[in-house]
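work_11.txt (compact mmCIF, C-alpha atoms and all ligand atoms)
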# COMPACT_ATOMS: atom_id res chain seq x y z
CA MET A 14 12.62 18.00 -12.95
CA ARG A 15 14.44 14.75 -13.55
CA LYS A 16 13.28 12.85 -16.60
CA ARG A 17 13.80 9.27 -17.61
CA ALA A 18 16.33 9.11 -20.43
CA SER A 19 15.11 8.19 -23.86
CA GLY A 20 17.24 7.45 -26.86
CA VAL A 21 20.47 6.94 -24.89
CA ARG A 22 21.76 4.91 -27.75
CA ALA A 23 25.49 4.30 -27.45
CA ALA A 24 25.32 4.17 -23.68
CA GLY A 25 22.11 2.17 -23.70
CA ARG A 26 23.54 -0.97 -25.26
CA PRO A 27 24.76 -3.53 -22.77
CA GLY A 28 28.46 -3.14 -22.02
CA THR A 29 30.68 -5.01 -24.40
CA GLY A 30 33.73 -5.10 -22.15
CA LEU A 31 37.03 -3.61 -23.19
CA ALA A 32 38.55 -6.68 -24.83
CA ASP A 33 38.94 -10.26 -23.71
CA SER A 34 40.06 -8.92 -20.35
CA LYS A 35 37.52 -8.38 -17.56
CA ASP A 36 39.76 -5.60 -16.16
CA LEU A 37 41.08 -2.13 -16.99
CA LEU A 38 44.70 -2.03 -15.89
CA THR A 39 46.47 -0.09 -18.67
CA VAL A 40 45.49 1.86 -21.77
CA ALA A 41 47.81 -0.36 -23.83
CA ALA A 42 45.68 -3.43 -23.09
CA ILE A 43 42.52 -1.88 -24.56
CA PRO A 44 42.09 -2.40 -28.32
CA ALA A 45 41.85 0.86 -30.29
CA ALA A 46 38.23 0.12 -31.26
CA HIS A 47 37.28 -0.12 -27.58
CA VAL A 48 39.02 3.17 -26.81
CA ALA A 49 36.91 4.73 -29.57
CA ARG A 50 33.78 3.16 -28.08
CA LEU A 51 34.64 4.46 -24.60
CA LEU A 52 34.95 7.97 -26.04
CA GLU A 53 31.58 7.59 -27.74
CA VAL A 54 29.85 6.26 -24.61
CA ALA A 55 31.47 8.91 -22.40
CA ALA A 56 30.26 11.71 -24.69
CA THR A 57 26.75 10.24 -24.65
CA LEU A 58 26.74 9.89 -20.87
CA LYS A 59 27.97 13.48 -20.56
CA ALA A 60 25.04 14.68 -22.67
CA VAL A 61 22.65 12.60 -20.55
CA ARG A 62 24.07 14.17 -17.40
CA GLN A 63 23.79 17.66 -18.87
CA ARG A 64 20.08 17.03 -19.56
CA ARG A 65 19.77 15.80 -15.95
CA ALA A 66 18.19 12.67 -17.42
CA LEU A 67 18.22 9.37 -15.56
CA HIS A 68 20.21 6.47 -16.98
CA GLN A 69 20.69 3.69 -14.45
CA PRO A 70 21.96 0.50 -16.08
CA LEU A 71 23.93 -0.51 -12.96
CA ARG A 72 21.00 -0.60 -10.53
CA GLY A 73 21.60 -3.11 -7.73
CA MET A 74 25.37 -3.23 -8.31
CA THR A 75 28.11 -2.25 -5.87
CA LEU A 76 31.52 -0.85 -6.73
CA GLY A 77 34.32 -1.11 -4.16
CA LEU A 78 37.17 1.40 -4.00
CA LEU A 79 40.33 0.24 -2.25
CA PHE A 80 42.83 3.10 -1.99
CA GLU A 81 46.32 3.03 -0.48
CA LYS A 82 47.04 6.63 -1.51
CA PRO A 83 44.98 9.83 -1.13
CA SER A 84 42.57 10.93 -3.86
CA THR A 85 40.06 13.68 -4.54
CA ARG A 86 39.10 13.33 -8.20
CA THR A 87 39.38 9.58 -8.72
CA ARG A 88 37.50 8.66 -5.57
CA VAL A 89 34.72 11.22 -5.85
CA SER A 90 34.17 10.81 -9.60
CA PHE A 91 33.96 7.02 -9.34
CA GLU A 92 31.62 7.18 -6.33
CA ALA A 93 29.38 9.86 -7.87
CA GLY A 94 29.46 8.11 -11.25
CA MET A 95 28.42 4.78 -9.78
CA ASN A 96 25.52 6.47 -7.96
CA GLN A 97 24.43 8.24 -11.15
CA LEU A 98 24.39 4.90 -12.99
CA GLY A 99 22.02 3.54 -10.35
CA GLY A 100 24.57 1.55 -8.33
CA GLN A 101 26.26 2.08 -5.01
CA SER A 102 29.88 2.45 -3.95
CA LEU A 103 31.83 1.35 -0.94
CA PHE A 104 35.12 3.04 0.00
CA LEU A 105 37.62 0.73 1.68
CA SER A 106 40.85 2.11 3.05
CA THR A 107 43.53 -0.52 3.48
CA GLY A 108 44.05 0.40 7.13
CA ASP A 109 40.48 -0.61 7.95
CA ILE A 110 40.34 -4.09 6.42
CA GLN A 111 42.22 -7.26 7.32
CA LEU A 112 44.79 -6.67 4.56
CA CYS A 113 46.59 -4.41 7.04
CA ARG A 114 46.90 -7.38 9.44
CA GLY A 115 48.41 -9.64 6.81
CA GLU A 116 45.42 -11.25 5.05
CA SER A 117 46.59 -12.02 1.53
CA ILE A 118 45.49 -10.18 -1.60
CA ALA A 119 44.39 -13.55 -3.02
CA ASP A 120 42.01 -14.30 -0.14
CA THR A 121 40.72 -10.73 0.01
CA ALA A 122 40.15 -10.63 -3.75
CA ARG A 123 38.22 -13.91 -3.75
CA VAL A 124 36.06 -12.81 -0.81
CA LEU A 125 35.34 -9.33 -2.19
CA SER A 126 34.41 -10.95 -5.52
CA ARG A 127 31.49 -12.60 -3.70
CA TYR A 128 30.13 -9.22 -2.51
CA LEU A 129 31.01 -6.65 -5.13
CA ASP A 130 30.51 -6.17 -8.88
CA GLY A 131 33.74 -4.29 -9.52
CA LEU A 132 36.71 -2.86 -7.63
CA VAL A 133 38.86 0.23 -8.21
CA ILE A 134 42.37 -0.08 -6.76
CA ARG A 135 44.81 2.77 -6.12
CA THR A 136 48.18 1.49 -4.98
CA TYR A 137 51.97 1.69 -5.37
CA ASP A 138 53.58 -1.19 -7.29
CA HIS A 139 51.75 -2.03 -10.51
CA ALA A 140 52.29 -5.74 -9.80
CA ILE A 141 49.72 -5.36 -7.00
CA VAL A 142 46.86 -4.50 -9.39
CA ASP A 143 47.98 -7.35 -11.65
CA GLU A 144 47.68 -9.69 -8.68
CA TRP A 145 44.22 -8.37 -7.79
CA ALA A 146 43.12 -8.86 -11.39
CA ARG A 147 44.40 -12.45 -11.42
CA GLU A 148 42.76 -13.38 -8.13
CA ALA A 149 39.43 -11.53 -8.38
CA THR A 150 36.59 -12.77 -10.55
CA ILE A 151 35.09 -9.26 -10.78
CA PRO A 152 36.46 -6.41 -12.94
CA ILE A 153 39.49 -4.66 -11.42
CA ILE A 154 40.02 -1.04 -12.46
CA ASN A 155 43.39 0.64 -11.99
CA GLY A 156 42.79 3.92 -10.16
CA LEU A 157 46.54 4.78 -10.32
CA THR A 158 49.74 2.88 -9.68
CA ASP A 159 53.33 4.08 -9.64
CA LEU A 160 53.52 2.92 -13.27
CA CYS A 161 50.37 4.33 -14.84
CA HIS A 162 47.06 6.16 -14.51
CA PRO A 163 44.84 4.82 -17.32
CA CYS A 164 41.54 6.40 -16.22
CA GLN A 165 43.22 9.82 -16.27
CA ALA A 166 44.62 9.39 -19.78
CA LEU A 167 41.34 8.04 -21.17
CA SER A 168 39.47 11.00 -19.65
CA ASP A 169 42.08 13.35 -21.12
CA LEU A 170 41.41 11.92 -24.59
CA LEU A 171 37.79 13.01 -24.17
CA THR A 172 38.87 16.54 -23.19
CA ILE A 173 41.28 16.84 -26.11
CA GLN A 174 38.70 15.52 -28.57
CA GLU A 175 36.09 17.98 -27.29
CA ARG A 176 38.48 20.94 -27.61
CA LYS A 177 40.21 20.00 -30.85
CA GLY A 178 37.52 17.99 -32.62
CA ARG A 179 39.91 15.10 -33.24
CA LEU A 180 42.85 13.20 -31.82
CA ARG A 181 44.66 11.77 -34.83
CA GLY A 182 47.46 14.01 -36.07
CA LEU A 183 47.58 16.29 -33.02
CA LYS A 184 50.83 16.98 -31.19
CA LEU A 185 50.82 16.62 -27.39
CA ALA A 186 53.87 17.95 -25.55
CA TYR A 187 54.49 16.69 -22.02
CA VAL A 188 57.10 18.58 -19.98
CA GLY A 189 58.47 17.34 -16.66
CA ASP A 190 58.66 14.04 -14.80
CA GLY A 191 58.17 10.92 -16.95
CA ASN A 192 55.80 9.48 -14.36
CA ASN A 193 52.62 7.38 -14.22
CA VAL A 194 50.53 10.07 -15.94
CA ALA A 195 53.15 10.47 -18.69
CA ASN A 196 53.30 6.70 -19.22
CA SER A 197 49.53 6.44 -19.72
CA LEU A 198 49.51 9.47 -22.03
CA ILE A 199 52.14 7.72 -24.16
CA GLU A 200 49.92 4.65 -24.43
CA ALA A 201 46.87 6.82 -25.17
CA ALA A 202 48.69 8.73 -27.91
CA ALA A 203 49.91 5.51 -29.51
CA LYS A 204 46.38 4.10 -29.45
CA THR A 205 44.77 7.14 -31.08
CA GLY A 206 47.32 8.34 -33.64
CA MET A 207 48.63 11.40 -31.80
CA ALA A 208 52.23 12.58 -31.81
CA ILE A 209 53.56 12.83 -28.26
CA SER A 210 56.80 14.58 -27.44
CA LEU A 211 58.07 14.34 -23.87
CA ALA A 212 60.78 16.58 -22.43
CA CYS A 213 62.23 15.00 -19.29
CA PRO A 214 65.59 15.48 -17.57
CA ALA A 215 68.06 12.57 -17.57
CA GLY A 216 66.95 10.00 -15.03
CA TYR A 217 63.28 11.08 -15.20
CA GLU A 218 62.35 9.48 -18.51
CA PRO A 219 59.11 7.52 -18.91
CA ASP A 220 59.11 3.74 -18.52
CA GLN A 221 61.31 2.21 -21.23
CA ARG A 222 59.15 -0.85 -21.80
CA ILE A 223 56.03 1.31 -22.20
CA VAL A 224 57.82 3.53 -24.73
CA LYS A 225 59.02 0.48 -26.69
CA GLU A 226 55.61 -1.17 -26.80
CA ALA A 227 53.88 2.12 -27.59
CA ARG A 228 56.23 2.65 -30.53
CA ALA A 229 55.16 -0.73 -31.91
CA GLU A 230 51.49 0.31 -31.56
CA ALA A 231 52.29 3.75 -33.03
CA ALA A 232 53.55 2.11 -36.20
CA ARG A 233 50.01 0.78 -36.70
CA THR A 234 48.18 4.04 -35.90
CA ASP A 235 50.51 6.67 -37.43
CA ALA A 236 51.29 8.00 -33.95
CA SER A 237 54.80 9.00 -32.91
CA ILE A 238 56.58 8.97 -29.57
CA GLU A 239 59.60 11.14 -28.91
CA VAL A 240 61.49 11.55 -25.63
CA VAL A 241 63.89 14.51 -25.51
CA GLN A 242 65.65 16.61 -22.90
CA ASP A 243 64.97 20.03 -24.43
CA PRO A 244 61.56 21.43 -23.40
CA LEU A 245 61.65 24.02 -26.22
CA SER A 246 61.89 21.33 -28.85
CA ALA A 247 59.08 19.28 -27.25
CA VAL A 248 56.58 22.15 -27.15
CA ASN A 249 57.34 23.45 -30.64
CA GLU A 250 54.04 23.74 -32.59
CA ALA A 251 52.21 21.60 -30.03
CA ASP A 252 48.40 21.50 -29.92
CA VAL A 253 48.33 20.32 -26.31
CA LEU A 254 50.69 21.24 -23.44
CA TYR A 255 50.67 18.89 -20.46
CA THR A 256 52.52 18.63 -17.18
CA ASP A 257 52.17 16.88 -13.83
CA VAL A 258 53.66 17.16 -10.35
CA TRP A 259 57.38 16.70 -9.80
CA ILE A 260 56.88 14.69 -6.61
CA SER A 261 54.35 11.92 -7.00
CA MET A 262 52.69 10.16 -4.10
CA GLY A 263 55.29 7.96 -2.43
CA GLN A 264 58.28 10.05 -3.59
CA GLU A 265 58.22 12.56 -0.74
CA ARG A 266 61.68 11.57 0.48
CA GLU A 267 63.17 12.55 -2.91
CA GLN A 268 61.70 16.04 -2.69
CA SER A 269 64.85 18.19 -2.64
CA ARG A 270 66.59 16.29 -5.47
CA ARG A 271 63.46 16.34 -7.62
CA LEU A 272 62.82 20.08 -7.10
CA LYS A 273 66.38 20.82 -8.22
CA ASP A 274 66.52 18.45 -11.20
CA LEU A 275 63.09 19.35 -12.56
CA ALA A 276 63.32 23.14 -12.08
CA PRO A 277 64.27 23.77 -15.78
CA TYR A 278 61.15 21.82 -16.81
CA GLN A 279 58.46 24.18 -15.55
CA LEU A 280 55.54 24.66 -17.95
CA ASN A 281 55.46 28.44 -18.23
CA GLU A 282 54.55 31.32 -20.54
CA ARG A 283 57.96 31.26 -22.26
CA LEU A 284 57.44 27.64 -23.31
CA ALA A 285 53.78 28.14 -24.18
CA LYS A 286 54.80 30.79 -26.75
CA GLU A 287 56.51 28.07 -28.79
CA ALA A 288 53.32 26.02 -29.06
CA LYS A 289 50.46 26.76 -31.45
CA PRO A 290 48.57 29.93 -30.44
CA ASP A 291 45.43 27.89 -29.76
CA ALA A 292 47.21 25.20 -27.74
CA ILE A 293 45.37 23.97 -24.68
CA VAL A 294 47.08 23.60 -21.29
CA MET A 295 46.45 20.41 -19.33
CA HIS A 296 47.30 19.12 -15.85
CA CYS A 297 45.68 16.14 -14.15
CA LEU A 298 45.67 17.96 -10.78
CA PRO A 299 46.48 18.34 -7.96
CA ALA A 300 48.90 21.08 -9.10
CA HIS A 301 51.70 22.92 -7.39
CA ARG A 302 51.57 26.46 -8.74
CA GLY A 303 55.05 27.90 -9.15
CA GLN A 304 56.65 24.44 -9.39
CA GLU A 305 55.71 22.36 -12.45
CA ILE A 306 53.39 25.07 -13.84
CA THR A 307 52.93 28.80 -13.44
CA THR A 308 49.75 30.23 -11.94
CA GLY A 309 49.27 32.23 -15.14
CA LEU A 310 49.08 29.13 -17.31
CA LEU A 311 47.13 26.94 -14.90
CA ASP A 312 44.45 29.59 -14.37
CA GLY A 313 44.70 31.26 -17.78
CA PRO A 314 42.47 31.16 -20.86
CA GLN A 315 44.27 28.20 -22.44
CA SER A 316 43.78 26.00 -19.38
CA VAL A 317 41.27 23.13 -19.59
CA VAL A 318 42.09 21.58 -16.22
CA LEU A 319 38.56 21.80 -14.86
CA ASP A 320 37.16 20.11 -17.98
CA GLN A 321 39.75 17.39 -17.41
CA ALA A 322 38.56 16.94 -13.84
CA GLU A 323 34.90 16.87 -14.94
CA ASN A 324 35.59 14.39 -17.72
CA ARG A 325 36.92 11.90 -15.18
CA LEU A 326 33.27 11.48 -14.18
CA HIS A 327 31.96 10.89 -17.70
CA MET A 328 34.79 8.62 -18.88
CA GLN A 329 34.72 6.51 -15.73
CA LYS A 330 30.94 6.10 -16.07
CA ALA A 331 31.64 4.80 -19.57
CA ILE A 332 34.25 2.39 -18.16
CA LEU A 333 31.84 1.19 -15.46
CA SER A 334 29.04 0.72 -18.01
CA GLU A 335 31.28 -1.28 -20.31
CA LEU A 336 32.90 -3.46 -17.64
CA LEU A 337 30.12 -3.95 -15.11
CA GLY A 338 27.20 -3.70 -17.53
CA ARG A 339 28.21 -6.55 -19.78
CA PRO A 340 26.33 -9.81 -19.37
CA ARG A 341 28.04 -12.04 -16.84
CA ARG A 342 29.01 -15.54 -17.85
CA ASN A 343 29.02 -16.54 -14.23
CA PRO A 344 27.08 -14.10 -12.07
CA SER A 345 27.51 -16.04 -8.84
CA HIS A 346 31.30 -16.12 -9.31
CA ALA A 347 31.03 -19.76 -8.27
CA GLY A 348 32.97 -22.57 -9.85
CA ARG A 349 36.29 -20.84 -10.42
CA ARG A 350 38.52 -20.90 -7.43
CA PRO A 351 37.68 -21.13 -3.75
N1 LIG A 401 44.13 13.36 -11.06
C1 LIG A 401 43.85 12.53 -10.04
O1 LIG A 401 43.91 11.30 -10.15
O2 LIG A 401 43.49 13.17 -8.90
P1 LIG A 401 43.28 12.50 -7.47
O3 LIG A 401 44.63 12.08 -6.95
O4 LIG A 401 42.65 13.59 -6.65
O5 LIG A 401 42.37 11.31 -7.62
N1 LIG A 402 51.80 11.64 -10.66
C1 LIG A 402 50.86 11.94 -9.60
C2 LIG A 402 49.47 11.90 -10.13
C3 LIG A 402 48.42 12.27 -9.12
C4 LIG A 402 47.05 12.19 -9.67
C5 LIG A 402 51.06 10.96 -8.46
O1 LIG A 402 51.21 9.76 -8.71
O2 LIG A 402 51.04 11.39 -7.31

What would the structure in this file look like if it were written as structure tokens?
Amino acid sequence: MRKRASGVRAAGRPGTGLADSKDLLTVAAIPAAHVARLLEVAATLKAVRQRRALHQPLRGMTLGLLFEKPSTRTRVSFEAGMNQLGGQSLFLSTGDIQLCRGESIADTARVLSRYLDGLVIRTYDHAIVDEWAREATIPIINGLTDLCHPCQALSDLLTIQERKGRLRGLKLAYVGDGNNVANSLIEAAAKTGMAISLACPAGYEPDQRIVKEARAEAARTDASIEVVQDPLSAVNEADVLYTDVWISMGQEREQSRRLKDLAPYQLNERLAKEAKPDAIVMHCLPAHRGQEITTGLLDGPQSVVLDQAENRLHMQKAILSELLGRPRRNPSHAGRRP
């Protein structure tokens, strides 16, 4: 039987936000203390869920999801999470609203801010979520852009912490395309004091500006960020092995070039032998078995990919609690811009 939660301490406090910003657009923009708080709240909410206890701080609120790319995990975990927190969700595909007939982001953002309490955006160019965040008065959450995937990386921190008992001092090796997932993992490592070593072929390196800014953050947290071309050197003595698809959404026309260039960067048993014997294997999913990762590793005893998928739910509930649950300065959204 479902019971009302009692003693939901960390998660029970009103949300404090994630910094001065009302939005979650990148991991880099979240102060380290708020990342630590998100991990604490997510772990508490996970325990609440495991007890099947009710905790509904977002009753009466509505979360919109506006997706220009497909999604299984991000969409379903945000929608289920919002329901579990007592709120409701509304999925909006761009083809069904007036955006597809040329209505501006600015007008749409200002209108949706009058109906909704938060909005998750999945899109292509990162500048689009920046524009939404500028124009909307409600929290905007980045549900993946071509540049980064912050909700994935934050959820992955929870999985790593659960499995390894800590983050600081661990070595994460990422092998493959230096894409949106890699970029957010770099920011997450810099924020939490992990060493991250990425092996990417020439031309597939992570975003240079993200690497530069993460190195500045890493100097404050004792993290390190290394980008190399040799997968063997990246995985050496790693605690965590991570890979992602070689063809991200929107890159379908580059398929044949990418398959050829990235072929030497498959995460496989030969590479895994160079990592620590208790290394965990991670992939944000969806995966292409036989391309970026072997079936043996993805489905083997070291794999934590289903925990990763589950932890999207708990971490995103923490994000929603923090961003939507904080007291509003201006609940009617009135008085800012038209
Ligand atoms: N990992 C991830 O974001 O999955 P979806 O594309 O299914 O949301
Ligand atoms: N890099 C992948 C991640 C999917 C969750 C993509 O952008 O398609």

request  = Mind checking which residues fall within 7 Å of Ala300 in chain A, counting only C-alpha atoms, ignoring those fewer than 2 positions away in the same chain, and posting them as a VMD selection string?
outcome  = chain A and resid 258 298 302

message = To check your reading of the model: which residues sit at most 6 Å from ligand LIG 401 (chain A) when counting all atoms listed in the file? Write the answer as a PyMOL selection string.
response = chain A and resi 84-88+297-298

For Gly108 in chain A: contacts at 10 Å, all atoms listed in the file, fewer than 4 positions along chain excluded, given as an MDAnalysis selection string = chainID A and resid 80:81 112:114

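Selection of all polymer residues within 6 Å of ligand LIG 402 (chain A) on the basis of all atoms listed in the file gives Asn192, Asn193, Val194, Val258, Ser261 and Met262 of chain A.
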
inquiry  = Please list as a PyMOL selection string every residue within 12 Å of Ala292 in chain A, counting all atoms listed in the file and excluding residues in the same chain fewer than 5 positions away.
reply    = chain A and resi 173+176-177+183-186+248-255+282+284-287+310+313-317

ask   = Which is closer to Val89 in chain A than all the others in A:Arg222, A:Arg325, A:Cys164, A:Ile199, using all atoms listed in the file?
value = A:Arg325

query = Within 8 Å of Tyr278 in chain A, counting only C-alpha atoms, which residues qualify if same-chain residues fewer than 2 places away don't, as a ChimeraX atom specification?
reply = /A:188-189,212-214,244,275-276,280,305

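Nearest residue to Leu311 in chain A among A:Arg62, A:Gly156, A:Glu323, A:Ile293 is A:Ile293, counting only C-alpha atoms.
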
query = Within 9 Å of Gln329 in chain A, counting all atoms listed in the file, which residues qualify if same-chain residues fewer than 4 places away don't, as a PyMOL selection string?
reply = chain A and resi 55+87+90-91+94-95+164+167-168+324-325+333-334
